[in-house]
$ cat start_8.txt   # compact mmCIF, C-alpha atoms
# COMPACT_ATOMS: atom_id res chain seq x y z
CA MET S 208 106.35 82.76 74.04
CA LYS S 209 103.94 81.40 76.61
CA THR S 210 101.08 79.27 75.35
CA ILE S 211 97.71 79.43 77.03
CA HIS S 212 96.01 76.11 77.63
CA PHE S 213 92.32 75.69 76.96
CA CYS S 214 91.41 75.62 80.69
CA GLU S 215 93.29 78.87 81.35
CA TRP S 216 91.66 80.47 78.33
CA PHE S 217 88.21 79.29 79.41
CA PHE S 218 88.55 80.68 82.96
CA LEU S 219 89.96 83.93 81.58
CA PHE S 220 86.95 84.12 79.26
CA LEU S 221 84.55 83.50 82.18
CA ASP S 222 86.24 86.24 84.23
CA MET S 223 85.84 88.68 81.35
CA GLN S 224 82.18 87.69 80.95
CA ASN S 225 81.51 88.13 84.70
CA ALA S 226 83.34 91.48 84.84
CA HIS S 227 80.36 93.24 83.29
CA LEU S 228 78.16 91.82 86.06
CA ASP S 229 79.99 93.87 88.71
CA LYS S 230 77.63 96.59 89.85
CA LEU S 231 78.65 99.77 91.66
CA ILE S 232 76.42 99.90 94.74
CA TYR S 233 78.16 102.45 96.94
CA ARG S 234 80.43 105.44 96.48
CA SER S 235 81.52 107.53 99.46
CA GLU S 236 80.76 111.21 99.06
CA ARG S 237 83.17 113.81 100.36
CA PRO S 238 81.83 117.15 101.57
CA PHE S 239 83.06 120.19 99.69
CA TRP S 240 84.90 121.54 102.74
CA HIS S 241 87.22 118.49 102.62
CA PHE S 242 88.41 119.65 99.21
CA LEU S 243 88.80 123.22 100.51
CA LEU S 244 91.04 121.96 103.32
CA ALA S 245 92.99 119.67 100.99
CA ALA S 246 93.69 122.30 98.29
CA PRO S 247 96.33 124.21 100.28
CA LEU S 248 97.85 120.90 101.41
CA TYR S 249 98.24 119.77 97.79
CA PHE S 250 99.66 123.19 96.85
CA PHE S 251 102.24 123.03 99.66
CA THR S 252 103.04 119.43 98.73
CA ILE S 253 103.91 120.48 95.19
CA SER S 254 105.92 123.55 96.22
CA MET S 255 107.76 121.63 98.95
CA SER S 256 108.53 118.86 96.44
CA LEU S 257 110.25 121.40 94.21
CA LYS S 258 112.29 122.64 97.18
CA MET S 259 113.10 119.04 98.11
CA PHE S 260 114.47 118.31 94.62
CA ASP S 261 116.50 121.52 94.78
CA LEU S 262 118.01 120.47 98.12
CA PHE S 263 118.99 117.07 96.76
CA TYR S 264 120.41 118.65 93.60
CA THR S 265 122.58 121.08 95.57
CA GLY S 266 123.91 118.30 97.79
CA ARG S 267 122.14 119.10 101.06
CA ILE S 268 120.96 115.54 101.58
CA ILE S 269 119.93 115.81 105.25
CA ASN S 270 117.70 118.84 104.59
CA GLY S 271 116.34 117.07 101.50
CA LEU S 272 115.40 114.05 103.62
CA LYS S 273 113.65 116.34 106.12
CA PHE S 274 111.66 117.90 103.30
CA THR S 275 110.87 114.42 101.94
CA LEU S 276 109.30 113.49 105.28
CA ALA S 277 107.32 116.75 105.33
CA VAL S 278 106.14 116.22 101.74
CA LEU S 279 104.97 112.69 102.54
CA PHE S 280 103.14 113.90 105.64
CA MET S 281 101.38 116.72 103.72
CA PHE S 282 100.42 114.36 100.90
CA VAL S 283 99.00 111.73 103.27
CA CYS S 284 96.94 114.40 105.06
CA ALA S 285 95.59 115.76 101.77
CA ALA S 286 94.88 112.28 100.40
CA ALA S 287 93.03 111.31 103.58
CA LEU S 288 90.67 114.23 103.00
CA THR S 289 89.96 113.43 99.34
CA PHE S 290 90.09 109.66 98.72
CA THR S 291 86.85 107.81 98.03
CA LYS S 292 85.67 104.27 98.62
CA ARG S 293 83.67 102.34 96.05
CA VAL S 294 81.92 99.03 96.60
CA TYR S 295 81.08 96.68 93.72
CA THR S 296 79.00 93.52 93.96
CA ASN S 297 78.48 90.55 91.69
CA SER S 298 75.33 88.59 92.54
CA PHE S 299 76.24 85.78 90.14
CA THR S 300 79.48 84.88 91.94
CA LYS S 301 78.43 86.28 95.39
CA GLU S 302 81.50 88.49 95.34
CA VAL S 303 81.99 91.97 96.83
CA ARG S 304 84.91 94.22 95.93
CA PHE S 305 86.13 97.31 97.79
CA ASN S 306 88.08 99.91 95.85
CA PHE S 307 89.87 102.99 97.25
CA ILE S 308 90.76 105.71 94.74
CA LEU S 309 92.29 109.17 94.74
CA PHE S 310 91.37 111.23 91.66
CA ASN S 311 90.61 108.02 89.70
CA ILE S 312 93.98 106.51 90.66
CA PRO S 313 93.74 103.29 92.71
CA LEU S 314 95.43 103.63 96.10
CA CYS S 315 95.79 99.90 96.70
CA LYS S 316 94.83 96.55 95.30
CA ASP S 317 91.09 95.90 95.45
CA THR S 318 89.88 93.95 98.48
CA VAL S 319 87.70 91.08 97.26
CA PHE S 320 85.49 88.76 99.30
CA LYS S 321 84.19 85.69 97.46
CA ASN S 322 81.27 83.37 98.24
CA VAL S 323 79.56 85.71 100.68
CA GLU S 324 76.79 83.93 102.62
CA TYR S 325 75.20 86.93 104.33
CA VAL S 326 75.84 90.44 105.66
CA SER S 327 75.34 91.66 109.23
CA VAL S 328 75.34 94.90 111.20
CA TYR S 329 76.91 94.38 114.62
CA LYS S 330 76.97 96.84 117.51
CA ASN S 331 80.31 96.82 119.28
CA HIS S 332 79.21 97.65 122.81
CA SER S 333 82.73 98.35 124.07
CA ASP S 334 83.43 101.02 121.42
CA ARG S 335 79.78 102.05 120.86
CA ASP S 336 80.13 101.84 117.11
CA PHE S 337 78.43 99.76 114.43
CA GLU S 338 80.30 97.34 112.18
CA VAL S 339 79.22 96.02 108.80
CA GLN S 340 80.41 92.43 108.60
CA ILE S 341 80.61 90.04 105.66
CA TRP S 342 80.11 86.39 106.53
CA LEU S 343 82.02 83.93 104.35
CA SER S 344 80.90 80.88 106.38
CA GLU S 345 79.18 80.22 109.69
CA THR S 346 82.39 80.93 111.59
CA LYS S 347 84.41 83.13 109.23
CA LYS S 348 83.54 86.83 109.07
CA LYS S 349 85.29 90.04 108.09
CA SER S 350 84.48 93.52 109.33
CA VAL S 351 84.44 95.78 106.27
CA SER S 352 83.20 99.11 107.61
CA ILE S 353 82.75 100.91 110.93
CA HIS S 354 80.12 103.61 111.49
CA LEU S 355 79.23 105.90 114.36
CA ASN S 356 75.47 105.45 113.95
CA SER S 357 73.22 102.58 112.98
CA GLN S 358 71.54 104.41 110.08
CA SER S 359 74.72 104.78 108.00
CA ALA S 360 75.78 101.20 108.84
CA PHE S 361 72.42 99.82 107.72
CA ASN S 362 72.47 101.95 104.54
CA LEU S 363 75.73 100.32 103.44
CA ALA S 364 74.77 96.82 104.64
CA ILE S 365 71.42 96.92 102.81
CA LYS S 366 73.12 98.02 99.59
CA ILE S 367 75.67 95.20 99.85
CA ALA S 368 73.03 92.58 100.72
CA ASN S 369 70.74 93.68 97.87
CA GLY S 370 73.65 93.81 95.42
CA LEU S 371 74.71 90.28 96.34
CA GLN S 372 71.14 89.02 96.77
CA VAL S 373 71.93 87.62 100.24
CA ASN S 374 70.27 88.03 103.64
CA LEU S 375 70.96 90.79 106.16
CA LEU S 376 71.26 90.10 109.88
CA ASP S 377 70.55 92.79 112.47
CA ALA S 378 72.94 92.07 115.35
CA THR S 379 72.68 95.44 117.06
CA GLU S 380 70.85 94.17 120.17
CA LYS S 381 72.81 91.81 122.36
CA GLY S 382 71.19 88.35 122.36
CA ASN S 383 68.37 89.43 119.99
CA PHE S 384 69.65 88.88 116.46
CA LYS S 385 67.05 89.06 113.70
CA TRP S 386 66.96 88.83 109.94
CA VAL S 387 66.00 92.03 108.12
CA GLU S 388 63.20 91.60 105.61
CA LYS S 389 64.03 92.85 102.14
CA GLU S 390 61.74 95.39 100.53
CA SER S 391 60.44 94.40 97.14

$ encode --input "start_8.txt" --output "structure tokens"
Amino acid sequence: MKTIHFCEWFFLFLDMQNAHLDKLIYRSERPFWHFLLAAPLYFFTISMSLKMFDLFYTGRIINGLKFTLAVLFMFVCAAALTFTKRVYTNSFTKEVRFNFILFNIPLCKDTVFKNVEYVSVYKNHSDRDFEVQIWLSETKKKSVSIHLNSQSAFNLAIKIANGLQVNLLDATEKGNFKWVEKES
């Protein structure tokens, strides 16, 4: 049986205490028509899965593998239409966590950025899109979201900056970066 030392116990206790400080600041909303498109895809995924198991059971392995590929393709298409992104912040630890779920089932391990210094919205002039970036130091940044218009990029960036209680930099104009004033 493994014994837990006092230091491990203390840090585990602190993590549990800080877990309640995580605040949901953003949840992506899917339009209803995405679910309408995904419903037949899920239906065909289930029915094709049954056929796939039947093919494997009867010994037609090659056809079963073909159906497996088709089932995976249909499921990925349906999941792409229905997954949601959630963003949690913790202002105490300056930590932001991105979570991708499909019907309350996590799709992957949460992406966590610790010790965030500030958030910026950057206009990529070559692609004409807007990136929300998280700055971990003066030289280390991570692009966390890409948007087609500045309004949606700023909506997410403001929510992250307010949730973390950090500054927001407007880097949409080349050579004219400015700090965005927070509304009280």

$ residues_around --input "start_8.txt" --residues "Ala364 (chain S)" --least-positions-apart "3" --cutoff "7 Å" --atoms "all atoms listed in the file" --output "list in words"
Val326, Ser327, Val328, Val339, Ala360, Phe361, Ile367 and Ala368 of chain S

$ write_last_selection --input "start_8.txt" --atoms "C-alpha atoms" --output "PDB file, in the frame of the given file"
ATOM      1  CA  VAL S 326      75.840  90.440 105.660  1.00  0.00           C
ATOM      2  CA  SER S 327      75.340  91.660 109.230  1.00  0.00           C
ATOM      3  CA  VAL S 328      75.340  94.900 111.200  1.00  0.00           C
ATOM      4  CA  VAL S 339      79.220  96.020 108.800  1.00  0.00           C
ATOM      5  CA  ALA S 360      75.780 101.200 108.840  1.00  0.00           C
ATOM      6  CA  PHE S 361      72.420  99.820 107.720  1.00  0.00           C
ATOM      7  CA  ILE S 367      75.670  95.200  99.850  1.00  0.00           C
ATOM      8  CA  ALA S 368      73.030  92.580 100.720  1.00  0.00           C
TER       9      ALA S 368
END

$ residues_around --input "start_8.txt" --residues "Glu236 (chain S)" --least-positions-apart "5" --cutoff "12 Å" --atoms "all atoms listed in the file" --output "list in words"
His241, Phe242, Leu288, Thr289, Phe290, Thr291, Lys292 and Arg293 of chain S

$ write_last_selection --input "start_8.txt" --atoms "C-alpha atoms" --output "PDB file, in the coordinates of the input"
ATOM      1  CA  HIS S 241      87.220 118.490 102.620  1.00  0.00           C
ATOM      2  CA  PHE S 242      88.410 119.650  99.210  1.00  0.00           C
ATOM      3  CA  LEU S 288      90.670 114.230 103.000  1.00  0.00           C
ATOM      4  CA  THR S 289      89.960 113.430  99.340  1.00  0.00           C
ATOM      5  CA  PHE S 290      90.090 109.660  98.720  1.00  0.00           C
ATOM      6  CA  THR S 291      86.850 107.810  98.030  1.00  0.00           C
ATOM      7  CA  LYS S 292      85.670 104.270  98.620  1.00  0.00           C
ATOM      8  CA  ARG S 293      83.670 102.340  96.050  1.00  0.00           C
TER       9      ARG S 293
END

$ atom_distance --input "start_8.txt" --atom1 "CA of Cys284 (chain S)" --atom2 "CA of Lys316 (chain S)"
20.5 Å

$ residues_around --input "start_8.txt" --residues "region 303-305 of chain S" --least-positions-apart "2" --cutoff "7 Å" --atoms "only C-alpha atoms" --output "list in words"
Arg293, Val294, Tyr295, Thr296, Asn297, Lys301, Phe307, Asp317, Thr318, Val319, Phe320 and Lys321 of chain S

$ closest_residue --input "start_8.txt" --among "S:Asn331, S:Asn362, S:Ser235, S:Asn322" --to "Ser298 (chain S)" --atoms "only C-alpha atoms"
S:Asn322

$ closest_residue --input "start_8.txt" --among "S:Asp377, S:Asp229, S:Glu302, S:Glu324" --to "Lys347 (chain S)" --atoms "all atoms listed in the file"
S:Glu324

$ atom_distance --input "start_8.txt" --atom1 "CA of Pro247 (chain S)" --atom2 "CA of Leu309 (chain S)"
16.5 Å

$ atom_distance --input "start_8.txt" --atom1 "CA of Gln358 (chain S)" --atom2 "CA of Arg237 (chain S)"
17.8 Å

$ closest_residue --input "start_8.txt" --among "S:Tyr329, S:Phe282, S:Gly266, S:Arg234" --to "Phe251 (chain S)" --atoms "only C-alpha atoms"
S:Phe282

$ closest_residue --input "start_8.txt" --among "S:Leu355, S:Val323, S:Val373, S:Ile312" --to "Val387 (chain S)" --atoms "only C-alpha atoms"
S:Val373

$ residues_around --input "start_8.txt" --residues "region 350-352 of chain S" --least-positions-apart "4" --cutoff "7 Å" --atoms "all atoms listed in the file" --output "list in words"
Glu338, Val339, Gln340 and Ile341 of chain S

$ residues_around --input "start_8.txt" --residues "Asn270 (chain S)" --least-positions-apart "5" --cutoff "12 Å" --atoms "all atoms listed in the file" --output "list in words"
Met255, Lys258, Met259, Phe260, Asp261, Leu262, Phe263, Tyr264, Thr265, Thr275, Leu276 and Ala277 of chain S

$ write_last_selection --input "start_8.txt" --atoms "C-alpha atoms" --output "short mmCIF file (atom, residue, chain, number, x, y, z; two decimals), in the frame of the given file"
data_model
loop_
_atom_site.label_atom_id
_atom_site.label_comp_id
_atom_site.auth_asym_id
_atom_site.auth_seq_id
_atom_site.Cartn_x
_atom_site.Cartn_y
_atom_site.Cartn_z
CA MET S 255 107.76 121.63 98.95
CA LYS S 258 112.29 122.64 97.18
CA MET S 259 113.10 119.04 98.11
CA PHE S 260 114.47 118.31 94.62
CA ASP S 261 116.50 121.52 94.78
CA LEU S 262 118.01 120.47 98.12
CA PHE S 263 118.99 117.07 96.76
CA TYR S 264 120.41 118.65 93.60
CA THR S 265 122.58 121.08 95.57
CA THR S 275 110.87 114.42 101.94
CA LEU S 276 109.30 113.49 105.28
CA ALA S 277 107.32 116.75 105.33
#

$ axis_aligned_box --input "start_8.txt" --around "region 243-260 of chain S" --padding-each-side "3 Å" --output "AutoDock Vina command-line options"
--center_x 101.6 --center_y 121.3 --center_z 98.8 --size_x 31.7 --size_y 11.9 --size_z 15.1

$ closest_residue --input "start_8.txt" --among "S:Asn383, S:Asp334, S:Tyr325, S:Pro313" --to "Lys348 (chain S)" --atoms "only C-alpha atoms"
S:Tyr325

$ closest_residue --input "start_8.txt" --among "S:Phe280, S:Thr346, S:Leu363, S:Ala286" --to "Ser256 (chain S)" --atoms "all atoms listed in the file"
S:Phe280
